>>> print(open('protein-v4.txt').read())   # compact mmCIF, C-alpha atoms and all ligand atoms
# COMPACT_ATOMS: atom_id res chain seq x y z
CA MET U 1 106.82 102.88 107.77
CA GLY U 2 103.93 100.99 106.21
CA ILE U 3 103.83 98.12 103.79
CA ILE U 4 101.22 97.56 101.15
CA TYR U 5 101.03 94.25 99.32
CA PHE U 6 99.92 93.79 95.75
CA ASP U 7 98.83 90.61 94.15
CA ALA U 8 100.60 90.20 90.84
CA SER U 9 98.99 86.94 89.81
CA LYS U 10 96.33 88.67 87.76
CA CYS U 11 96.44 91.59 85.32
CA THR U 12 94.58 94.60 86.74
CA GLU U 13 93.87 95.86 83.24
CA CYS U 14 92.48 92.83 81.39
CA GLY U 15 92.08 90.22 84.13
CA SER U 16 94.40 87.70 82.49
CA GLU U 17 96.40 85.35 84.71
CA ASN U 18 99.08 84.92 82.09
CA ILE U 19 101.67 87.00 83.93
CA GLY U 20 105.33 87.14 82.98
CA PHE U 21 108.33 88.44 84.86
CA ASN U 22 111.02 90.64 83.37
CA GLU U 23 114.24 89.71 85.20
CA GLN U 24 116.21 92.70 84.08
CA ARG U 25 113.65 95.26 85.15
CA ALA U 26 112.32 93.17 88.01
CA GLU U 27 108.75 93.75 87.06
CA PHE U 28 105.65 91.73 86.31
CA PHE U 29 103.84 92.22 83.05
CA CYS U 30 100.75 90.83 81.38
CA ARG U 31 101.54 88.51 78.48
CA ASP U 32 98.12 89.18 76.98
CA CYS U 33 97.77 92.94 77.00
CA GLY U 34 101.30 94.06 77.82
CA PHE U 35 100.36 96.00 80.93
CA VAL U 36 103.18 96.39 83.44
CA LEU U 37 101.76 95.64 86.85
CA MET U 38 103.96 98.19 88.56
CA ASP U 39 102.66 101.02 86.44
CA ASN U 40 100.30 102.03 89.20
CA LEU U 41 103.13 102.91 91.59
CA PRO U 42 102.74 106.66 91.01
CA VAL U 43 99.12 106.26 92.10
CA VAL U 44 100.21 104.37 95.20
CA GLU U 45 102.65 107.12 95.99
CA ALA U 46 100.04 109.82 95.52
CA GLN U 47 97.67 107.93 97.78
CA HIS U 48 99.95 106.82 100.59
CA GLY U 49 103.11 108.87 100.56
CA LYS U 50 106.67 108.44 99.42
CA ILE U 51 107.74 104.95 98.38
CA GLU U 52 110.89 103.77 100.13
CA LYS U 53 111.40 100.41 98.52
CA VAL U 54 109.62 97.96 96.26
CA LEU U 55 110.16 94.27 96.93
CA VAL U 56 109.14 91.76 94.34
CA ASN U 57 108.62 88.09 95.02
CA LYS U 58 108.79 86.26 91.73
CA ASN U 59 107.56 82.95 93.10
CA THR U 60 104.55 84.03 95.12
CA LYS U 61 103.77 86.75 92.60
CA ARG U 62 103.50 89.35 95.28
CA ILE U 63 104.80 92.89 95.36
CA ALA U 64 105.47 94.63 98.65
CA VAL U 65 105.69 98.39 98.57
CA MET U 66 107.29 99.98 101.60
CA ILE U 67 106.09 103.46 102.31
CA LYS U 68 107.75 106.05 104.43
CA GLY U 69 105.66 107.71 107.10
CA ILE U 70 102.63 106.37 108.84
CA LEU U 71 99.67 105.19 106.92
CA ARG U 72 96.38 106.81 107.82
CA SER U 73 97.75 110.10 109.01
CA PRO U 74 95.08 112.80 109.48
CA ILE U 75 95.76 113.98 105.92
CA GLU U 76 95.49 110.40 104.75
CA LYS U 77 92.04 110.04 106.30
CA LYS U 78 90.88 113.17 104.54
CA MET U 79 92.14 111.75 101.24
CA VAL U 80 89.95 108.65 101.39
CA PRO U 81 86.92 110.17 99.59
CA PHE U 82 89.18 111.35 96.76
CA TYR U 83 90.39 107.80 96.11
CA ALA U 84 86.88 106.47 96.00
CA GLU U 85 85.34 109.23 93.92
CA ILE U 86 88.06 109.46 91.26
CA LYS U 87 87.27 105.87 90.26
CA LYS U 88 83.98 107.10 88.80
CA PHE U 89 86.01 108.40 85.89
CA ALA U 90 88.12 105.93 83.95
CA LEU U 91 91.12 108.22 83.76
CA PRO U 92 94.55 107.18 82.50
CA LYS U 93 96.81 106.19 85.41
CA TYR U 94 99.19 109.12 85.05
CA ILE U 95 96.29 111.59 85.13
CA GLU U 96 94.85 109.86 88.19
CA ALA U 97 98.21 110.14 89.95
CA GLU U 98 98.54 113.80 89.05
CA VAL U 99 95.02 114.64 90.22
CA LEU U 100 95.53 112.82 93.53
CA THR U 101 98.87 114.50 94.15
CA LEU U 102 97.27 117.91 93.59
CA ALA U 103 94.31 116.94 95.76
CA ARG U 104 96.72 116.11 98.54
CA SER U 105 98.29 119.57 98.31
CA ALA U 106 94.82 121.10 98.35
CA VAL U 107 94.00 119.17 101.54
CA GLU U 108 97.31 120.15 103.12
CA LYS U 109 96.64 123.79 102.33
CA LYS U 110 93.19 123.42 103.92
CA LEU U 111 91.37 124.47 100.76
CA THR U 112 88.63 122.09 101.87
CA MET U 113 87.46 124.94 104.10
CA SER U 114 86.34 126.87 101.03
CA PHE U 115 85.19 124.09 98.73
CA SER U 116 83.93 120.56 99.21
CA LYS U 117 86.21 117.65 98.39
CA ILE U 118 84.02 116.73 95.43
CA GLU U 119 84.27 120.25 94.07
CA ILE U 120 88.05 120.18 94.42
CA LEU U 121 88.26 116.77 92.78
CA SER U 122 86.04 117.84 89.85
CA SER U 123 88.07 120.97 89.28
CA LEU U 124 91.33 119.06 89.35
CA ILE U 125 90.06 116.44 86.92
CA TYR U 126 88.80 119.21 84.67
CA HIS U 127 92.05 121.12 84.84
CA THR U 128 94.42 118.19 84.42
CA CYS U 129 92.50 116.63 81.53
CA LYS U 130 92.26 119.94 79.75
CA ARG U 131 96.00 120.40 80.10
CA GLU U 132 96.65 116.94 78.70
CA ASN U 133 94.15 117.42 75.89
CA ILE U 134 91.90 114.67 77.10
CA PRO U 135 88.34 115.72 76.50
CA VAL U 136 86.41 115.60 79.74
CA LEU U 137 83.41 117.85 79.43
CA ILE U 138 82.18 119.89 82.35
CA LYS U 139 78.74 118.44 81.82
CA ASP U 140 80.11 114.94 82.57
CA LEU U 141 81.59 116.18 85.82
CA GLU U 142 78.34 117.97 86.68
CA LYS U 143 76.40 114.78 86.06
CA THR U 144 78.78 112.39 87.84
CA TYR U 145 79.26 114.49 90.93
CA SER U 146 75.96 116.48 90.93
CA ILE U 147 77.55 119.89 91.18
CA GLY U 148 77.14 123.02 89.08
CA LYS U 149 79.48 124.32 86.41
CA LYS U 150 79.83 127.65 88.22
CA ARG U 151 81.18 125.98 91.36
CA ILE U 152 83.66 123.89 89.35
CA LEU U 153 85.02 126.98 87.59
CA LYS U 154 85.11 129.03 90.76
CA CYS U 155 86.98 126.28 92.56
CA ASN U 156 89.30 125.98 89.58
CA ASN U 157 90.26 129.62 89.97
CA LEU U 158 91.10 129.13 93.62
CA LEU U 159 93.20 126.05 92.84
CA ILE U 160 95.07 127.88 90.09
CA ASP U 161 95.80 130.59 92.60
CA ARG U 162 96.73 128.51 95.60
CA LEU U 163 98.39 125.49 94.02
CA GLY U 164 100.20 127.54 91.41
CA LEU U 165 98.60 125.70 88.50
CA LYS U 166 99.02 127.09 85.04
CA ARG U 167 95.98 128.72 83.55
CA ILE U 168 94.91 126.97 80.38
CA ASN U 169 92.83 128.75 77.80
CA GLU U 170 93.57 126.81 74.67
CA ILE U 171 91.46 123.78 74.27
CA ASN U 172 91.88 121.35 71.46
CA VAL U 173 88.76 121.58 69.31
CA GLU U 174 89.68 118.45 67.35
CA ASN U 175 89.47 116.23 70.42
CA TYR U 176 86.08 117.64 71.30
CA ILE U 177 84.83 117.04 67.77
CA ILE U 178 85.93 113.40 67.82
CA ARG U 179 84.28 112.90 71.19
CA ILE U 180 80.98 114.55 70.22
CA VAL U 181 80.80 112.74 66.85
CA SER U 182 81.26 109.42 68.59
CA ASP U 183 78.62 110.31 71.19
CA LEU U 184 76.25 111.09 68.33
CA GLY U 185 76.89 107.61 66.97
CA PHE U 186 78.62 108.60 63.75
CA ASN U 187 81.95 107.44 62.39
CA CYS U 188 85.25 109.11 61.62
CA ASN U 189 84.16 110.37 58.18
CA LEU U 190 82.00 112.91 59.89
CA ALA U 191 84.77 113.72 62.37
CA ALA U 192 87.36 114.23 59.63
CA GLU U 193 85.03 116.47 57.64
CA SER U 194 84.09 118.44 60.77
CA ILE U 195 87.73 119.01 61.69
CA GLN U 196 88.43 120.34 58.21
CA ILE U 197 85.55 122.77 58.50
CA SER U 198 86.53 123.82 62.02
CA ASN U 199 89.94 124.89 60.73
CA LYS U 200 88.29 127.24 58.27
CA ILE U 201 85.51 128.88 60.24
CA LYS U 202 86.09 131.54 62.80
CA ILE U 203 84.12 131.22 66.03
CA ASP U 204 85.88 132.11 69.26
CA HIS U 205 84.00 129.79 71.58
CA PRO U 206 85.62 126.36 71.10
CA LEU U 207 82.57 124.26 71.92
CA ILE U 208 80.31 126.28 69.64
CA ARG U 209 82.94 126.03 66.92
CA ALA U 210 83.05 122.25 67.34
CA ALA U 211 79.25 121.91 67.23
CA VAL U 212 78.76 124.21 64.24
CA SER U 213 81.51 122.41 62.32
CA ILE U 214 79.86 119.06 62.99
CA TRP U 215 76.49 120.32 61.84
CA LEU U 216 77.90 121.80 58.62
CA ALA U 217 79.87 118.61 57.95
CA GLY U 218 76.73 116.55 58.50
CA LYS U 219 74.89 118.65 55.99
CA ARG U 220 77.69 118.23 53.46
CA LEU U 221 77.70 114.45 53.97
CA LYS U 222 73.89 114.33 53.89
CA LEU U 223 73.61 112.92 57.42
CA ARG U 224 70.66 113.71 59.63
CA ILE U 225 71.87 115.32 62.84
CA LYS U 226 69.33 116.84 65.18
CA LYS U 227 70.33 120.28 66.42
CA LYS U 228 68.83 119.46 69.77
CA ASP U 229 71.01 116.36 70.26
CA LEU U 230 74.11 118.08 68.96
CA ALA U 231 73.68 121.06 71.28
CA LYS U 232 73.10 118.80 74.25
CA LEU U 233 76.14 116.62 73.59
CA SER U 234 78.31 119.66 72.96
CA GLY U 235 77.31 121.28 76.23
CA ILE U 236 75.95 124.44 74.58
CA SER U 237 72.43 125.85 74.21
CA GLU U 238 70.36 125.03 71.17
CA ALA U 239 69.76 128.75 70.60
CA ALA U 240 73.49 129.44 70.46
CA LEU U 241 73.93 126.59 68.01
CA ARG U 242 71.12 127.80 65.71
CA ARG U 243 72.34 131.37 65.79
CA ASN U 244 75.89 130.41 64.86
CA ILE U 245 74.83 127.98 62.14
CA LYS U 246 72.73 130.70 60.54
CA ARG U 247 75.74 132.99 60.44
CA LYS U 248 77.90 130.41 58.71
CA LEU U 249 75.39 129.35 56.05
ZN ZN U 301 96.47 92.24 80.77
>>> encode(input="protein-v4.txt", output="structure tokens", more="lines below")
Ligand SMILES: [Zn+2]
Amino acid sequence: MGIIYFDASKCTECGSENIGFNEQRAEFFCRDCGFVLMDNLPVVEAQHGKIEKVLVNKNTKRIAVMIKGILRSPIEKKMVPFYAEIKKFALPKYIEAEVLTLARSAVEKKLTMSFSKIEILSSLIYHTCKRENIPVLIKDLEKTYSIGKKRILKCNNLLIDRLGLKRINEINVENYIIRIVSDLGFNCNLAAESIQISNKIKIDHPLIRAAVSIWLAGKRLKLRIKKKDLAKLSGISEAALRRNIKRKL
């Protein structure tokens, strides 16, 4: 049994020290941003093992989380890089917990013999975000973790196989459009127009469909969008973008 202590005198989300205590639920919350300070418990569980008990001290503003099993088991040691590296992406807490839980299974199944920890982590982030419709582009993972797209996808296949993950083919083009438009520095007018167009045109490849829709919408709204920038931000080649625009004009 191990115990981890948390300081509840400061909000981990916004830094405010204006912390309240909900008697009924026995939990601390931030009076400024509303964050519940116990919301990271799933992450704690994913990192350290099953939580046995949570003790809250209202006066000292401390939370003690009792965890079953021994901290720093051999598996636990192998998990350390995952905890550090996942912080490079500002993922929602529930996604982070899910990714770490899956990473733990991957470590337990010794999948680290076939792929590096970073490759496994990237693939899991990619897979989980895609499933939850949160746009994380492969190019961001490539850049953050300096690994190639091919390795991420190959590792993803292994994880789908060995961890029994569901294969996801559908990606939400709208989310990608919103993300790319904001990266380009334009506002939601362009995004709304692009989404409308994307619902009408037929291009199988979702990223190409997103990029072509944005370009056509830009033209309609008389905005100057460089094909080169658009292709780069969409994670497709400029040639593919030009070719598909030509077909739709
Ligand atoms: Zn706060």
>>> atom_distance(input="protein-v4.txt", atom1="CA of Tyr5 (chain U)", atom2="CA of Ala64 (chain U)")
4.5 Å
>>> closest_atom_pairs(input="protein-v4.txt", of="chain U", to="ligand ZN 301 (chain U)", cutoff="10 Å", atoms="only C-alpha atoms and all ligand atoms", output="tab-separated table")
residue	atom	partner	partner_atom	distance
U:Lys10	CA	U:ZN301	ZN	7.9
U:Cys11	CA	U:ZN301	ZN	4.6
U:Thr12	CA	U:ZN301	ZN	6.7
U:Glu13	CA	U:ZN301	ZN	5.1
U:Cys14	CA	U:ZN301	ZN	4.1
U:Gly15	CA	U:ZN301	ZN	5.9
U:Ser16	CA	U:ZN301	ZN	5.3
U:Glu17	CA	U:ZN301	ZN	7.9
U:Asn18	CA	U:ZN301	ZN	7.9
U:Ile19	CA	U:ZN301	ZN	8.0
U:Phe29	CA	U:ZN301	ZN	7.7
U:Cys30	CA	U:ZN301	ZN	4.5
U:Arg31	CA	U:ZN301	ZN	6.7
U:Asp32	CA	U:ZN301	ZN	5.1
U:Cys33	CA	U:ZN301	ZN	4.0
U:Gly34	CA	U:ZN301	ZN	5.9
U:Phe35	CA	U:ZN301	ZN	5.4
U:Val36	CA	U:ZN301	ZN	8.3
U:Leu37	CA	U:ZN301	ZN	8.7
>>> residues_around(input="protein-v4.txt", residues="region 202-216 of chain U", least_positions_apart="3", cutoff="8 Å", atoms="all atoms listed in the file", output="PyMOL selection string")
chain U and resi 171+173-174+176-177+181+190-191+193-195+197-199+219-220+225+227+230-231+234-236+240-241+244-245
>>> residues_around(input="protein-v4.txt", residues="Ile67 (chain U)", least_positions_apart="4", cutoff="7 Å", atoms="all atoms listed in the file", output="ChimeraX atom specification")
/U:1-3,49-52
>>> atom_distance(input="protein-v4.txt", atom1="CA of Leu249 (chain U)", atom2="CA of Lys226 (chain U)")
16.6 Å
>>> closest_residue(input="protein-v4.txt", among="U:Asp229, U:Glu27, U:Glu76, U:Glu85", to="Glu108 (chain U)", atoms="all atoms listed in the file")
U:Glu76
>>> closest_residue(input="protein-v4.txt", among="U:Asp39, U:Glu132, U:Glu96, U:Glu45", to="Ile4 (chain U)", atoms="all atoms listed in the file")
U:Glu45
>>> atom_distance(input="protein-v4.txt", atom1="CA of Cys155 (chain U)", atom2="CA of Leu41 (chain U)")
28.4 Å
>>> residues_around(input="protein-v4.txt", residues="region 99-102 of chain U", least_positions_apart="2", cutoff="12 Å", atoms="only C-alpha atoms", output="MDAnalysis selection string")
chainID U and resid 42:50 76 78:87 89 91:97 104:109 111 117 120:129 131:132 159:160 162:165
>>> write_last_selection(input="protein-v4.txt", atoms="C-alpha atoms", output="PDB file, in the coordinates of the input")
ATOM      1  CA  PRO U  42     102.740 106.660  91.010  1.00  0.00           C
ATOM      2  CA  VAL U  43      99.120 106.260  92.100  1.00  0.00           C
ATOM      3  CA  VAL U  44     100.210 104.370  95.200  1.00  0.00           C
ATOM      4  CA  GLU U  45     102.650 107.120  95.990  1.00  0.00           C
ATOM      5  CA  ALA U  46     100.040 109.820  95.520  1.00  0.00           C
ATOM      6  CA  GLN U  47      97.670 107.930  97.780  1.00  0.00           C
ATOM      7  CA  HIS U  48      99.950 106.820 100.590  1.00  0.00           C
ATOM      8  CA  GLY U  49     103.110 108.870 100.560  1.00  0.00           C
ATOM      9  CA  LYS U  50     106.670 108.440  99.420  1.00  0.00           C
ATOM     10  CA  GLU U  76      95.490 110.400 104.750  1.00  0.00           C
ATOM     11  CA  LYS U  78      90.880 113.170 104.540  1.00  0.00           C
ATOM     12  CA  MET U  79      92.140 111.750 101.240  1.00  0.00           C
ATOM     13  CA  VAL U  80      89.950 108.650 101.390  1.00  0.00           C
ATOM     14  CA  PRO U  81      86.920 110.170  99.590  1.00  0.00           C
ATOM     15  CA  PHE U  82      89.180 111.350  96.760  1.00  0.00           C
ATOM     16  CA  TYR U  83      90.390 107.800  96.110  1.00  0.00           C
ATOM     17  CA  ALA U  84      86.880 106.470  96.000  1.00  0.00           C
ATOM     18  CA  GLU U  85      85.340 109.230  93.920  1.00  0.00           C
ATOM     19  CA  ILE U  86      88.060 109.460  91.260  1.00  0.00           C
ATOM     20  CA  LYS U  87      87.270 105.870  90.260  1.00  0.00           C
ATOM     21  CA  PHE U  89      86.010 108.400  85.890  1.00  0.00           C
ATOM     22  CA  LEU U  91      91.120 108.220  83.760  1.00  0.00           C
ATOM     23  CA  PRO U  92      94.550 107.180  82.500  1.00  0.00           C
ATOM     24  CA  LYS U  93      96.810 106.190  85.410  1.00  0.00           C
ATOM     25  CA  TYR U  94      99.190 109.120  85.050  1.00  0.00           C
ATOM     26  CA  ILE U  95      96.290 111.590  85.130  1.00  0.00           C
ATOM     27  CA  GLU U  96      94.850 109.860  88.190  1.00  0.00           C
ATOM     28  CA  ALA U  97      98.210 110.140  89.950  1.00  0.00           C
ATOM     29  CA  ARG U 104      96.720 116.110  98.540  1.00  0.00           C
ATOM     30  CA  SER U 105      98.290 119.570  98.310  1.00  0.00           C
ATOM     31  CA  ALA U 106      94.820 121.100  98.350  1.00  0.00           C
ATOM     32  CA  VAL U 107      94.000 119.170 101.540  1.00  0.00           C
ATOM     33  CA  GLU U 108      97.310 120.150 103.120  1.00  0.00           C
ATOM     34  CA  LYS U 109      96.640 123.790 102.330  1.00  0.00           C
ATOM     35  CA  LEU U 111      91.370 124.470 100.760  1.00  0.00           C
ATOM     36  CA  LYS U 117      86.210 117.650  98.390  1.00  0.00           C
ATOM     37  CA  ILE U 120      88.050 120.180  94.420  1.00  0.00           C
ATOM     38  CA  LEU U 121      88.260 116.770  92.780  1.00  0.00           C
ATOM     39  CA  SER U 122      86.040 117.840  89.850  1.00  0.00           C
ATOM     40  CA  SER U 123      88.070 120.970  89.280  1.00  0.00           C
ATOM     41  CA  LEU U 124      91.330 119.060  89.350  1.00  0.00           C
ATOM     42  CA  ILE U 125      90.060 116.440  86.920  1.00  0.00           C
ATOM     43  CA  TYR U 126      88.800 119.210  84.670  1.00  0.00           C
ATOM     44  CA  HIS U 127      92.050 121.120  84.840  1.00  0.00           C
ATOM     45  CA  THR U 128      94.420 118.190  84.420  1.00  0.00           C
ATOM     46  CA  CYS U 129      92.500 116.630  81.530  1.00  0.00           C
ATOM     47  CA  ARG U 131      96.000 120.400  80.100  1.00  0.00           C
ATOM     48  CA  GLU U 132      96.650 116.940  78.700  1.00  0.00           C
ATOM     49  CA  LEU U 159      93.200 126.050  92.840  1.00  0.00           C
ATOM     50  CA  ILE U 160      95.070 127.880  90.090  1.00  0.00           C
ATOM     51  CA  ARG U 162      96.730 128.510  95.600  1.00  0.00           C
ATOM     52  CA  LEU U 163      98.390 125.490  94.020  1.00  0.00           C
ATOM     53  CA  GLY U 164     100.200 127.540  91.410  1.00  0.00           C
ATOM     54  CA  LEU U 165      98.600 125.700  88.500  1.00  0.00           C
TER      55      LEU U 165
END
>>> closest_residue(input="protein-v4.txt", among="U:Ile118, U:Val136, U:Ala90, U:Gly218", to="Ala103 (chain U)", atoms="all atoms listed in the file")
U:Ile118
>>> residues_around(input="protein-v4.txt", residues="Arg62 (chain U)", least_positions_apart="2", cutoff="7 Å", atoms="only C-alpha atoms", output="list in words")
Tyr5, Phe6, Asp7, Ala8, Val56, Asn57, Thr60 and Ala64 of chain U
>>> axis_aligned_box(input="protein-v4.txt", around="region 173-188 of chain U", padding_each_side="4 Å", output="JSON")
{"center_x": 83.0, "center_y": 114.5, "center_z": 66.5, "size_x": 21.4, "size_y": 22.1, "size_z": 17.7}
>>> decode(input="protein-v4.txt", residues="region 142-191 of chain U", atoms="C-alpha atoms", output="PDB file, in the first residue's frame")
ATOM      1  CA  GLU U 142       5.751  13.469 -35.612  1.00  0.00           C
ATOM      2  CA  LYS U 143       7.078  16.887 -34.672  1.00  0.00           C
ATOM      3  CA  THR U 144       6.716  16.547 -30.895  1.00  0.00           C
ATOM      4  CA  TYR U 145       8.215  13.095 -30.639  1.00  0.00           C
ATOM      5  CA  SER U 146      10.476  13.093 -33.747  1.00  0.00           C
ATOM      6  CA  ILE U 147       9.139   9.878 -35.209  1.00  0.00           C
ATOM      7  CA  GLY U 148       7.761   9.054 -38.643  1.00  0.00           C
ATOM      8  CA  LYS U 149       4.135   8.678 -39.626  1.00  0.00           C
ATOM      9  CA  LYS U 150       4.766   5.156 -40.921  1.00  0.00           C
ATOM     10  CA  ARG U 151       6.000   3.962 -37.526  1.00  0.00           C
ATOM     11  CA  ILE U 152       3.019   5.530 -35.738  1.00  0.00           C
ATOM     12  CA  LEU U 153       0.550   3.792 -38.054  1.00  0.00           C
ATOM     13  CA  LYS U 154       2.395   0.499 -37.920  1.00  0.00           C
ATOM     14  CA  CYS U 155       2.463   0.614 -34.146  1.00  0.00           C
ATOM     15  CA  ASN U 156      -1.213   1.553 -34.161  1.00  0.00           C
ATOM     16  CA  ASN U 157      -2.008  -1.642 -36.042  1.00  0.00           C
ATOM     17  CA  LEU U 158      -0.159  -3.737 -33.498  1.00  0.00           C
ATOM     18  CA  LEU U 159      -1.948  -2.015 -30.615  1.00  0.00           C
ATOM     19  CA  ILE U 160      -5.335  -2.511 -32.259  1.00  0.00           C
ATOM     20  CA  ASP U 161      -4.468  -6.162 -32.576  1.00  0.00           C
ATOM     21  CA  ARG U 162      -2.969  -6.813 -29.178  1.00  0.00           C
ATOM     22  CA  LEU U 163      -4.972  -4.484 -26.953  1.00  0.00           C
ATOM     23  CA  GLY U 164      -8.240  -5.195 -28.709  1.00  0.00           C
ATOM     24  CA  LEU U 165      -8.811  -1.561 -29.657  1.00  0.00           C
ATOM     25  CA  LYS U 166     -11.546  -0.740 -32.083  1.00  0.00           C
ATOM     26  CA  ARG U 167     -10.423   0.249 -35.538  1.00  0.00           C
ATOM     27  CA  ILE U 168     -11.566   3.748 -36.388  1.00  0.00           C
ATOM     28  CA  ASN U 169     -11.903   4.843 -39.967  1.00  0.00           C
ATOM     29  CA  GLU U 170     -14.349   7.690 -39.734  1.00  0.00           C
ATOM     30  CA  ILE U 171     -12.759  10.941 -38.887  1.00  0.00           C
ATOM     31  CA  ASN U 172     -14.711  14.077 -38.311  1.00  0.00           C
ATOM     32  CA  VAL U 173     -13.843  16.470 -41.132  1.00  0.00           C
ATOM     33  CA  GLU U 174     -15.528  19.400 -39.394  1.00  0.00           C
ATOM     34  CA  ASN U 175     -13.138  19.290 -36.458  1.00  0.00           C
ATOM     35  CA  TYR U 176     -10.169  19.227 -38.791  1.00  0.00           C
ATOM     36  CA  ILE U 177     -11.519  22.204 -40.723  1.00  0.00           C
ATOM     37  CA  ILE U 178     -11.967  24.259 -37.559  1.00  0.00           C
ATOM     38  CA  ARG U 179      -8.457  23.389 -36.442  1.00  0.00           C
ATOM     39  CA  ILE U 180      -6.810  24.173 -39.785  1.00  0.00           C
ATOM     40  CA  VAL U 181      -8.734  27.447 -40.225  1.00  0.00           C
ATOM     41  CA  SER U 182      -7.612  28.591 -36.808  1.00  0.00           C
ATOM     42  CA  ASP U 183      -4.007  27.593 -37.558  1.00  0.00           C
ATOM     43  CA  LEU U 184      -4.219  29.691 -40.717  1.00  0.00           C
ATOM     44  CA  GLY U 185      -5.272  32.645 -38.590  1.00  0.00           C
ATOM     45  CA  PHE U 186      -8.789  33.056 -39.946  1.00  0.00           C
ATOM     46  CA  ASN U 187     -12.052  33.246 -38.053  1.00  0.00           C
ATOM     47  CA  CYS U 188     -15.168  31.115 -37.886  1.00  0.00           C
ATOM     48  CA  ASN U 189     -16.761  32.656 -40.995  1.00  0.00           C
ATOM     49  CA  LEU U 190     -14.258  30.804 -43.083  1.00  0.00           C
ATOM     50  CA  ALA U 191     -14.745  27.650 -41.022  1.00  0.00           C
TER      51      ALA U 191
END
